[in-house]
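Trainee: After the structure tokens below, expect a handful of questions from me.
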Amino acid sequence: MHVDVIEAPLSSLYFNPATHRIRAQRTHDPKRDAELDADPYSAASQDYLKYLLQASPADPSRRDPEFDDLLKSLKEFGQNDPGLITHQGVLVNGNTRAAALRELGAQSMRVGVLPESFTWADVNSVELSLQLRKDHRRDYSYINRLLAMEEQASLGRTAEMIAKEFRIRTDTYHQERWILGVIYDQIERSRDPVRGTGLRLIDFEQHQEKLKELHRAYHKEKAVDPDNADVLKEMRLAAISLGFAKTDVRLIEDGMKFREQYLDSRLPMEFGTAGSDDAPVSIPGLGISVAGTSSAVTAARELTDRILKAKAARGATGTLADGQSRAASETYDQLKDAFDLALETAGRNARLQKRKQMAPARLADASASIDQCVADLVQARSSRSLDEEAFDDAVLKLRDSLRKLAKQAGRGLQNPGDGVTWLLDATSPGGIR
């Protein structure tokens with residue numbers, strides 16, 4: 001569609017309250033967010049939108065360096081491409097540019113004007129289409145992409161259609177929807193009705209890769225042991241909420257093992273320990289019983305809930321009394337210290353296990369190379385292209401290497417296995433010469 005491009009006064013344009021670019025960040029200030037819902041085009045609401053468009057997606061209290069880069073570009077080169085507005089003057093594409101131009105003191109902005117017949121569903125579709133092009137200047141933040149996918153699904157679009165629109169695979173789309181569901185669940189579990197605290201969508205902005213790895217690990221384990229998969233999920237979510245790095249979170253490979261062997265002994269007594277399975281649950285009217293929820297899963301969920309609530313209360317500035325905020329911080333710090341020690345031990349054991357497996361793994365690689373050498377030797381002989389002298393030198397090097405290996409393998413072994421026994425015999429004076 002071709003639309004007319006005009007030079008519109010910036011004072012007559014409105015920031016779009018429904019833009020996907022700052023959907024998650026709106027919750028940064030609940031009071032101003034409520035005012036935005038009540039009257040999105042008031043001066044106060046428009047000022048809040050302008051503030052969020054300039055803010056860092058992960059931490060709206062800080063200014064986004066990419067916005068400053070846009071400011072420099074506009075100041076030096078001017079506006080390259082026109083924005084897009086509705087017939088009523090609401091910005092569909094170019095909200096951030098409009099905020100930057102206003103800060104630079106510009107009086108007008110070049111914009112295309114959509115037909116008056118366009119509905120909000122059309123507007124949202126146009127915004128996504130433009131913003132998801134490969135040449136767009138500033139990507140949506142991770143959470144805002146997830147929200148945009150959710151919105152498209154609510155409009156009745158299929159997974160295949162949405163995946164194509166976002167230029168991802170269908171299974172990646174399903175992964176993203178699962179992650180958003182987990183985020184919603186974490187937010188709900190973090191709520192404290194008495195204190196009025198809770199986590200926000202923006203609190204999960206920097207956890208993209210950790211949540212994707214959680215999705216893969218959870219579904220892989222779920223096919224083998226659903227209960228352990230649930231404990232793994234809770235333990236990793238707890239570590240993510242406590243702010244541990246991706247490499248640390250990866251150390252939680254087995255949920256129940258991590259909880260029982262590394263974490264329980266380091267938790268303060270009031271946080272409990274993982275227990276055994278609960279009794280079966282009877283289904284009324286059917287006369288049958290099914291397995292109850294594993295108490296290990298229940299304990300893991302309770303621990304994660306404590307962490308989520310403590311994190312939410314700890315980050316609630318100005319809404320809690322000093323004593324409540326201090327208690328939440330102490331709880332959070334106690335649990336983080338326990339996880340820190342548990343992860344440190346798990347990491348040390350993982351490195352030790354890796355060292356134990358390193359020598360056998362290298363020997364397996366050497367065996368595979370020798371098997372390949374057999375095939376290469378047959379082929380070289382059939383084509384009469386074998387360098388016999390070079391092959392003989394390589395065999396002598398192999399003999400020396402086997403002798404070194406036998407010398408180390410035989411140390412301290414009172415009852416060597418069949419493999420080591422063969423190696424010792426083969427490299428003895430009566431064996432390989």
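To be explicit about the labels: the chains of the structure tokens are called A, B, and onward in the order shown, and within each one the residues are counted from 1, while ligands get numbers from 1 in the order they are shown.
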Determine which residues of region 105-339 of chain A DSSP labels as helix (DSSP H, G or I) from the backbone of this structure, then write them out as a PyMOL selection string.

Mentor: chain A and resi 120-131+142-154+159-165+170-190+201-222+226-241+246-249+255-266+269-271+295-314+322-339

Trainee: Write out as an mmCIF file with C-alpha atoms, in the first residue's frame the residues lying within 9 Å of Val5 (chain A), counting only C-alpha atoms and excluding same-chain residues fewer than 5 positions away.

Mentor:
```cif
data_model
loop_
_atom_site.group_PDB
_atom_site.id
_atom_site.type_symbol
_atom_site.label_atom_id
_atom_site.label_comp_id
_atom_site.auth_asym_id
_atom_site.auth_seq_id
_atom_site.Cartn_x
_atom_site.Cartn_y
_atom_site.Cartn_z
ATOM 1 C CA PRO A 82 9.579 8.504 7.490
ATOM 2 C CA GLY A 83 7.639 7.221 10.467
ATOM 3 C CA LEU A 84 4.058 6.032 10.272
ATOM 4 C CA ARG A 110 8.143 13.149 8.250
ATOM 5 C CA VAL A 111 5.457 10.468 8.577
ATOM 6 C CA GLY A 112 3.254 8.345 6.382
ATOM 7 C CA VAL A 113 -0.455 8.442 7.210
#
```

Trainee: So which residues of region 1-47 of chain A fall under strand (DSSP E or B) by DSSP, listed as an NGL selection string?

Mentor: :A and (5-9 or 14)

Trainee: For region 36-41 of chain A, find every residue with an atom within 12 Å (counting only C-alpha atoms), except residues of its own chain fewer than 3 positions away, and show them as a list in words.

Mentor: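 Listed by chain and then number, they are Ser12, Leu13, Tyr14, Phe15, Asn16, Pro17, Ala18, Thr19, Arg23, Arg26, Thr27, Asp29, Pro30, Lys31, Arg32, Asp33, Ala44, Ser45, Gln46, Asp47, Tyr48, Leu49, Lys50, Gln88, Gly89, Val90 and Leu91 of chain A.
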
Trainee: Could you take the residues named above and write them with N, CA, C and O atoms, as a short mmCIF file (atom, residue, chain, number, x, y, z; two decimals), in the first residue's frame?

Mentor:
```cif
data_model
loop_
_atom_site.label_atom_id
_atom_site.label_comp_id
_atom_site.auth_asym_id
_atom_site.auth_seq_id
_atom_site.Cartn_x
_atom_site.Cartn_y
_atom_site.Cartn_z
N SER A 12 1.72 17.56 17.50
CA SER A 12 0.42 16.98 17.19
C SER A 12 0.46 15.45 17.12
O SER A 12 -0.55 14.81 16.82
N LEU A 13 1.62 14.86 17.38
CA LEU A 13 1.76 13.40 17.32
C LEU A 13 1.73 12.82 18.72
O LEU A 13 2.20 13.43 19.67
N TYR A 14 1.18 11.61 18.83
CA TYR A 14 1.08 10.92 20.12
C TYR A 14 1.90 9.65 20.10
O TYR A 14 1.87 8.89 19.12
N PHE A 15 2.61 9.38 21.20
CA PHE A 15 3.28 8.09 21.35
C PHE A 15 2.21 7.01 21.48
O PHE A 15 1.16 7.22 22.11
N ASN A 16 2.50 5.86 20.92
CA ASN A 16 1.53 4.77 20.89
C ASN A 16 1.56 4.01 22.22
O ASN A 16 2.56 3.36 22.54
N PRO A 17 0.50 4.04 23.01
CA PRO A 17 0.50 3.33 24.31
C PRO A 17 0.51 1.82 24.15
O PRO A 17 0.82 1.10 25.09
N ALA A 18 0.18 1.33 22.93
CA ALA A 18 0.13 -0.12 22.71
C ALA A 18 1.36 -0.64 21.98
O ALA A 18 1.40 -1.81 21.61
N THR A 19 2.38 0.21 21.80
CA THR A 19 3.56 -0.25 21.08
C THR A 19 4.23 -1.42 21.78
O THR A 19 4.34 -1.45 23.01
N ARG A 23 6.17 -2.66 26.01
CA ARG A 23 5.07 -3.31 26.72
C ARG A 23 5.50 -3.81 28.10
O ARG A 23 4.82 -3.59 29.10
N ARG A 26 6.48 -0.98 30.86
CA ARG A 26 5.44 -0.13 31.45
C ARG A 26 5.25 -0.40 32.95
O ARG A 26 4.91 0.49 33.71
N THR A 27 5.52 -1.63 33.36
CA THR A 27 5.33 -1.99 34.78
C THR A 27 6.43 -1.45 35.68
O THR A 27 6.42 -1.69 36.89
N ASP A 29 6.89 1.51 36.72
CA ASP A 29 6.25 2.37 37.71
C ASP A 29 4.75 2.04 37.71
O ASP A 29 4.02 2.55 36.84
N PRO A 30 4.28 1.19 38.62
CA PRO A 30 2.88 0.76 38.60
C PRO A 30 1.87 1.91 38.64
O PRO A 30 0.83 1.85 37.99
N LYS A 31 2.19 2.97 39.38
CA LYS A 31 1.26 4.09 39.48
C LYS A 31 1.12 4.80 38.15
O LYS A 31 -0.01 5.07 37.68
N ARG A 32 2.23 5.08 37.49
CA ARG A 32 2.17 5.75 36.19
C ARG A 32 1.61 4.83 35.12
O ARG A 32 0.97 5.30 34.17
N ASP A 33 1.83 3.53 35.29
CA ASP A 33 1.26 2.57 34.36
C ASP A 33 -0.26 2.57 34.45
O ASP A 33 -0.98 2.49 33.45
N ALA A 44 0.69 13.58 31.16
CA ALA A 44 1.48 12.75 32.08
C ALA A 44 1.77 11.38 31.47
O ALA A 44 2.88 10.86 31.57
N SER A 45 0.76 10.79 30.84
CA SER A 45 0.93 9.47 30.23
C SER A 45 1.91 9.52 29.07
O SER A 45 2.77 8.64 28.90
N GLN A 46 1.81 10.56 28.25
CA GLN A 46 2.73 10.71 27.12
C GLN A 46 4.16 10.94 27.60
O GLN A 46 5.12 10.45 27.00
N ASP A 47 4.32 11.67 28.71
CA ASP A 47 5.66 11.87 29.27
C ASP A 47 6.25 10.54 29.75
O ASP A 47 7.46 10.30 29.62
N TYR A 48 5.41 9.69 30.33
CA TYR A 48 5.89 8.38 30.80
C TYR A 48 6.32 7.52 29.62
O TYR A 48 7.36 6.84 29.68
N LEU A 49 5.54 7.55 28.53
CA LEU A 49 5.93 6.79 27.34
C LEU A 49 7.25 7.30 26.78
O LEU A 49 8.12 6.51 26.39
N LYS A 50 7.43 8.61 26.74
CA LYS A 50 8.68 9.18 26.26
C LYS A 50 9.85 8.73 27.14
O LYS A 50 10.93 8.38 26.64
N GLN A 88 -5.43 9.55 13.20
CA GLN A 88 -5.62 10.42 14.35
C GLN A 88 -4.31 10.97 14.91
O GLN A 88 -4.30 11.72 15.89
N GLY A 89 -3.17 10.55 14.33
CA GLY A 89 -1.88 11.09 14.76
C GLY A 89 -1.14 10.25 15.77
O GLY A 89 -0.17 10.71 16.38
N VAL A 90 -1.56 8.98 15.98
CA VAL A 90 -0.85 8.10 16.91
C VAL A 90 0.28 7.40 16.15
O VAL A 90 0.05 6.82 15.08
N LEU A 91 1.47 7.44 16.69
CA LEU A 91 2.64 6.85 16.02
C LEU A 91 2.55 5.33 16.00
O LEU A 91 2.37 4.70 17.05
#
```

Trainee: I'd like the interatomic distance between CA of Ala98 (chain A) and CA of Val3 (chain A), to a tenth of an Å.

Mentor: 19.1 Å

Trainee: Return the single residue from A:Leu147, A:Ala338, A:Ala313, A:Ala390 that is closest to Arg326 (chain A), with distances computed using only C-alpha atoms.

Mentor: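 For Arg326 (chain A), the nearest of the candidates is A:Ala313.
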
Trainee: For a test of reading the model, state the distance in Å between CA of Arg63 (chain A) and CA of Leu10 (chain A), rounded to one decimal.

Mentor: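 Spanning CA of Arg63 (chain A) to CA of Leu10 (chain A) is a straight-line distance of 22.0 Å.
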
Trainee: List the spatial neighbours of Tyr173 (chain A) as a list in words - criterion: any atom at most 12 Å away, only C-alpha atoms, same-chain residues fewer than 4 positions off excluded.

Mentor: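 Counting only the stated atoms, we get Arg145, Leu146, Leu147, Ala148, Met149, Glu150, Gln152, Ala153, Thr158, Ala159, Glu160, Met161, Ile162, Ala163, Lys164, Glu165, Phe166, Arg167, Ile168, Arg169, Arg177, Trp178, Ile179, Leu180 and Lys212 of chain A.
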
Trainee: Write to file, as a PDB file, in the first residue's frame, the residues of the selection just made, with N, CA and C atoms.

Mentor:
```pdb
ATOM      1  N   ARG A 145       9.297  -9.109  22.562  1.00  0.00           N
ATOM      2  CA  ARG A 145       9.084 -10.052  21.449  1.00  0.00           C
ATOM      3  C   ARG A 145       8.136 -11.171  21.882  1.00  0.00           C
ATOM      4  N   LEU A 146       8.336 -11.674  23.102  1.00  0.00           N
ATOM      5  CA  LEU A 146       7.452 -12.730  23.599  1.00  0.00           C
ATOM      6  C   LEU A 146       6.017 -12.232  23.701  1.00  0.00           C
ATOM      7  N   LEU A 147       5.838 -10.999  24.162  1.00  0.00           N
ATOM      8  CA  LEU A 147       4.499 -10.434  24.287  1.00  0.00           C
ATOM      9  C   LEU A 147       3.865 -10.220  22.919  1.00  0.00           C
ATOM     10  N   ALA A 148       4.684  -9.839  21.942  1.00  0.00           N
ATOM     11  CA  ALA A 148       4.158  -9.653  20.592  1.00  0.00           C
ATOM     12  C   ALA A 148       3.687 -10.987  20.004  1.00  0.00           C
ATOM     13  N   MET A 149       4.435 -12.059  20.269  1.00  0.00           N
ATOM     14  CA  MET A 149       4.015 -13.386  19.812  1.00  0.00           C
ATOM     15  C   MET A 149       2.699 -13.794  20.471  1.00  0.00           C
ATOM     16  N   GLU A 150       2.602 -13.534  21.782  1.00  0.00           N
ATOM     17  CA  GLU A 150       1.375 -13.870  22.508  1.00  0.00           C
ATOM     18  C   GLU A 150       0.188 -13.116  21.928  1.00  0.00           C
ATOM     19  N   GLN A 152      -0.186 -11.999  18.884  1.00  0.00           N
ATOM     20  CA  GLN A 152      -0.534 -12.564  17.578  1.00  0.00           C
ATOM     21  C   GLN A 152      -1.315 -13.863  17.737  1.00  0.00           C
ATOM     22  N   ALA A 153      -0.952 -14.674  18.726  1.00  0.00           N
ATOM     23  CA  ALA A 153      -1.681 -15.923  18.975  1.00  0.00           C
ATOM     24  C   ALA A 153      -3.106 -15.629  19.434  1.00  0.00           C
ATOM     25  N   THR A 158      -1.983 -18.971  13.531  1.00  0.00           N
ATOM     26  CA  THR A 158      -1.383 -20.267  13.845  1.00  0.00           C
ATOM     27  C   THR A 158       0.087 -20.109  14.209  1.00  0.00           C
ATOM     28  N   ALA A 159       0.616 -21.155  14.834  1.00  0.00           N
ATOM     29  CA  ALA A 159       2.035 -21.135  15.223  1.00  0.00           C
ATOM     30  C   ALA A 159       2.931 -20.976  14.003  1.00  0.00           C
ATOM     31  N   GLU A 160       2.568 -21.644  12.906  1.00  0.00           N
ATOM     32  CA  GLU A 160       3.368 -21.572  11.681  1.00  0.00           C
ATOM     33  C   GLU A 160       3.393 -20.148  11.122  1.00  0.00           C
ATOM     34  N   MET A 161       2.231 -19.485  11.138  1.00  0.00           N
ATOM     35  CA  MET A 161       2.149 -18.116  10.620  1.00  0.00           C
ATOM     36  C   MET A 161       2.979 -17.160  11.475  1.00  0.00           C
ATOM     37  N   ILE A 162       2.883 -17.311  12.798  1.00  0.00           N
ATOM     38  CA  ILE A 162       3.624 -16.423  13.695  1.00  0.00           C
ATOM     39  C   ILE A 162       5.123 -16.659  13.570  1.00  0.00           C
ATOM     40  N   ALA A 163       5.523 -17.929  13.482  1.00  0.00           N
ATOM     41  CA  ALA A 163       6.949 -18.247  13.332  1.00  0.00           C
ATOM     42  C   ALA A 163       7.510 -17.627  12.052  1.00  0.00           C
ATOM     43  N   LYS A 164       6.731 -17.686  10.989  1.00  0.00           N
ATOM     44  CA  LYS A 164       7.177 -17.104   9.719  1.00  0.00           C
ATOM     45  C   LYS A 164       7.308 -15.594   9.845  1.00  0.00           C
ATOM     46  N   GLU A 165       6.353 -14.970  10.535  1.00  0.00           N
ATOM     47  CA  GLU A 165       6.376 -13.511  10.711  1.00  0.00           C
ATOM     48  C   GLU A 165       7.605 -13.075  11.498  1.00  0.00           C
ATOM     49  N   PHE A 166       7.984 -13.867  12.507  1.00  0.00           N
ATOM     50  CA  PHE A 166       9.121 -13.513  13.371  1.00  0.00           C
ATOM     51  C   PHE A 166      10.438 -14.112  12.871  1.00  0.00           C
ATOM     52  N   ARG A 167      10.369 -14.805  11.744  1.00  0.00           N
ATOM     53  CA  ARG A 167      11.561 -15.402  11.115  1.00  0.00           C
ATOM     54  C   ARG A 167      12.273 -16.380  12.047  1.00  0.00           C
ATOM     55  N   ILE A 168      11.482 -17.258  12.641  1.00  0.00           N
ATOM     56  CA  ILE A 168      12.033 -18.301  13.502  1.00  0.00           C
ATOM     57  C   ILE A 168      11.383 -19.624  13.136  1.00  0.00           C
ATOM     58  N   ARG A 169      11.924 -20.732  13.653  1.00  0.00           N
ATOM     59  CA  ARG A 169      11.322 -22.045  13.414  1.00  0.00           C
ATOM     60  C   ARG A 169      10.091 -22.204  14.304  1.00  0.00           C
ATOM     61  N   ARG A 177       6.904 -19.497  23.734  1.00  0.00           N
ATOM     62  CA  ARG A 177       5.622 -19.431  24.437  1.00  0.00           C
ATOM     63  C   ARG A 177       5.703 -20.146  25.787  1.00  0.00           C
ATOM     64  N   TRP A 178       6.451 -21.254  25.841  1.00  0.00           N
ATOM     65  CA  TRP A 178       6.658 -21.967  27.106  1.00  0.00           C
ATOM     66  C   TRP A 178       7.394 -21.073  28.093  1.00  0.00           C
ATOM     67  N   ILE A 179       8.418 -20.374  27.609  1.00  0.00           N
ATOM     68  CA  ILE A 179       9.203 -19.495  28.467  1.00  0.00           C
ATOM     69  C   ILE A 179       8.333 -18.365  29.011  1.00  0.00           C
ATOM     70  N   LEU A 180       7.483 -17.773  28.166  1.00  0.00           N
ATOM     71  CA  LEU A 180       6.611 -16.710  28.645  1.00  0.00           C
ATOM     72  C   LEU A 180       5.651 -17.234  29.711  1.00  0.00           C
ATOM     73  N   LYS A 212      16.164 -20.427  27.925  1.00  0.00           N
ATOM     74  CA  LYS A 212      16.172 -21.349  26.778  1.00  0.00           C
ATOM     75  C   LYS A 212      16.879 -22.651  27.140  1.00  0.00           C
TER      76      LYS A 212
END
```

Trainee: Pick out the residues sitting within 10 Å of Lys75 (chain A), and hand them over as a ChimeraX atom specification; count only C-alpha atoms, and ignore anything fewer than 5 positions along from it in its own chain.

Mentor: /A:69-70,100-101,104,106

Trainee: Take the residues that were just selected and, keeping all heavy atoms, output them as a PDB file, in the first residue's frame.

Mentor:
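Wrote it out as again.pdb, contents follow:
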```pdb
ATOM      1  N   ASP A  69      22.834   6.767  20.767  1.00  0.00           N
ATOM      2  CA  ASP A  69      23.379   6.564  19.422  1.00  0.00           C
ATOM      3  C   ASP A  69      22.404   7.085  18.363  1.00  0.00           C
ATOM      4  O   ASP A  69      22.813   7.672  17.347  1.00  0.00           O
ATOM      5  CB  ASP A  69      23.657   5.070  19.184  1.00  0.00           C
ATOM      6  CG  ASP A  69      24.795   4.552  20.039  1.00  0.00           C
ATOM      7  OD1 ASP A  69      25.606   5.378  20.523  1.00  0.00           O
ATOM      8  OD2 ASP A  69      24.883   3.321  20.231  1.00  0.00           O
ATOM      9  N   LEU A  70      21.096   6.828  18.601  1.00  0.00           N
ATOM     10  CA  LEU A  70      20.080   7.327  17.674  1.00  0.00           C
ATOM     11  C   LEU A  70      20.070   8.853  17.658  1.00  0.00           C
ATOM     12  O   LEU A  70      19.940   9.485  16.591  1.00  0.00           O
ATOM     13  CB  LEU A  70      18.709   6.783  18.072  1.00  0.00           C
ATOM     14  CG  LEU A  70      17.502   7.270  17.261  1.00  0.00           C
ATOM     15  CD1 LEU A  70      17.662   6.918  15.788  1.00  0.00           C
ATOM     16  CD2 LEU A  70      16.211   6.680  17.812  1.00  0.00           C
ATOM     17  N   ALA A 100      13.406  11.041  20.203  1.00  0.00           N
ATOM     18  CA  ALA A 100      14.738  11.606  19.988  1.00  0.00           C
ATOM     19  C   ALA A 100      14.647  12.974  19.311  1.00  0.00           C
ATOM     20  O   ALA A 100      15.372  13.912  19.675  1.00  0.00           O
ATOM     21  CB  ALA A 100      15.573  10.645  19.147  1.00  0.00           C
ATOM     22  N   LEU A 101      13.782  13.107  18.313  1.00  0.00           N
ATOM     23  CA  LEU A 101      13.637  14.389  17.619  1.00  0.00           C
ATOM     24  C   LEU A 101      13.125  15.469  18.571  1.00  0.00           C
ATOM     25  O   LEU A 101      13.564  16.624  18.510  1.00  0.00           O
ATOM     26  CB  LEU A 101      12.673  14.229  16.436  1.00  0.00           C
ATOM     27  CG  LEU A 101      13.234  13.470  15.222  1.00  0.00           C
ATOM     28  CD1 LEU A 101      12.128  13.141  14.234  1.00  0.00           C
ATOM     29  CD2 LEU A 101      14.335  14.292  14.541  1.00  0.00           C
ATOM     30  N   LEU A 104      15.944  16.678  20.590  1.00  0.00           N
ATOM     31  CA  LEU A 104      16.845  17.526  19.808  1.00  0.00           C
ATOM     32  C   LEU A 104      16.237  18.893  19.501  1.00  0.00           C
ATOM     33  O   LEU A 104      16.905  19.750  18.916  1.00  0.00           O
ATOM     34  CB  LEU A 104      17.206  16.818  18.496  1.00  0.00           C
ATOM     35  CG  LEU A 104      18.103  15.583  18.615  1.00  0.00           C
ATOM     36  CD1 LEU A 104      18.218  14.872  17.279  1.00  0.00           C
ATOM     37  CD2 LEU A 104      19.489  15.969  19.133  1.00  0.00           C
ATOM     38  N   ALA A 106      13.572  19.389  17.511  1.00  0.00           N
ATOM     39  CA  ALA A 106      12.947  19.459  16.185  1.00  0.00           C
ATOM     40  C   ALA A 106      11.473  19.824  16.324  1.00  0.00           C
ATOM     41  O   ALA A 106      10.825  19.510  17.327  1.00  0.00           O
ATOM     42  CB  ALA A 106      13.099  18.122  15.469  1.00  0.00           C
TER      43      ALA A 106
END
```

Trainee: Within 9 Å of Thr331 (chain A), counting only C-alpha atoms, which residues show up once you throw out same-chain ones fewer than 6 positions away? Write them as a list in words, please.

Mentor: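 These residues fall inside the cut-off: Arg306, Ile307, Ala310 and Lys311 of chain A.
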
Trainee: Taking only C-alpha atoms into account, name the residue in A:Gly198, A:Pro9, A:Gly243, A:Pro226 that is nearest to Asp340 (chain A).

Mentor: A:Gly243

Trainee: Can you build me a table of region 78-185 of chain A residues sitting at most 12 Å from region 53-60 of chain A, with the closest atom pair per residue and its distance in Å to one decimal, using only C-alpha atoms, sorted by chain and residue number, as JSON lines?

Mentor:
```
{"residue": "A:Gly94", "atom": "CA", "partner": "A:Leu53", "partner_atom": "CA", "distance": 10.6}
{"residue": "A:Asn95", "atom": "CA", "partner": "A:Leu53", "partner_atom": "CA", "distance": 7.5}
{"residue": "A:Thr96", "atom": "CA", "partner": "A:Leu53", "partner_atom": "CA", "distance": 5.7}
{"residue": "A:Arg97", "atom": "CA", "partner": "A:Leu53", "partner_atom": "CA", "distance": 9.2}
{"residue": "A:Ala98", "atom": "CA", "partner": "A:Leu53", "partner_atom": "CA", "distance": 9.6}
{"residue": "A:Ala99", "atom": "CA", "partner": "A:Leu53", "partner_atom": "CA", "distance": 7.1}
{"residue": "A:Ala100", "atom": "CA", "partner": "A:Gln54", "partner_atom": "CA", "distance": 8.1}
{"residue": "A:Leu101", "atom": "CA", "partner": "A:Gln54", "partner_atom": "CA", "distance": 11.7}
{"residue": "A:Arg102", "atom": "CA", "partner": "A:Gln54", "partner_atom": "CA", "distance": 11.6}
{"residue": "A:Glu103", "atom": "CA", "partner": "A:Gln54", "partner_atom": "CA", "distance": 10.1}
{"residue": "A:Arg138", "atom": "CA", "partner": "A:Leu53", "partner_atom": "CA", "distance": 11.2}
{"residue": "A:Asp139", "atom": "CA", "partner": "A:Pro57", "partner_atom": "CA", "distance": 10.6}
{"residue": "A:Tyr140", "atom": "CA", "partner": "A:Pro57", "partner_atom": "CA", "distance": 8.8}
{"residue": "A:Ser141", "atom": "CA", "partner": "A:Pro57", "partner_atom": "CA", "distance": 6.3}
{"residue": "A:Tyr142", "atom": "CA", "partner": "A:Pro57", "partner_atom": "CA", "distance": 8.9}
{"residue": "A:Ile143", "atom": "CA", "partner": "A:Pro57", "partner_atom": "CA", "distance": 9.1}
{"residue": "A:Asn144", "atom": "CA", "partner": "A:Pro57", "partner_atom": "CA", "distance": 9.2}
{"residue": "A:Arg145", "atom": "CA", "partner": "A:Pro57", "partner_atom": "CA", "distance": 11.9}
```

Trainee: Please report the interatomic distance between CA of Val92 (chain A) and CA of Asp4 (chain A) in Å with one decimal.

Mentor: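 Computing the Euclidean distance for CA of Val92 (chain A) and CA of Asp4 (chain A) yields 14.7 Å.
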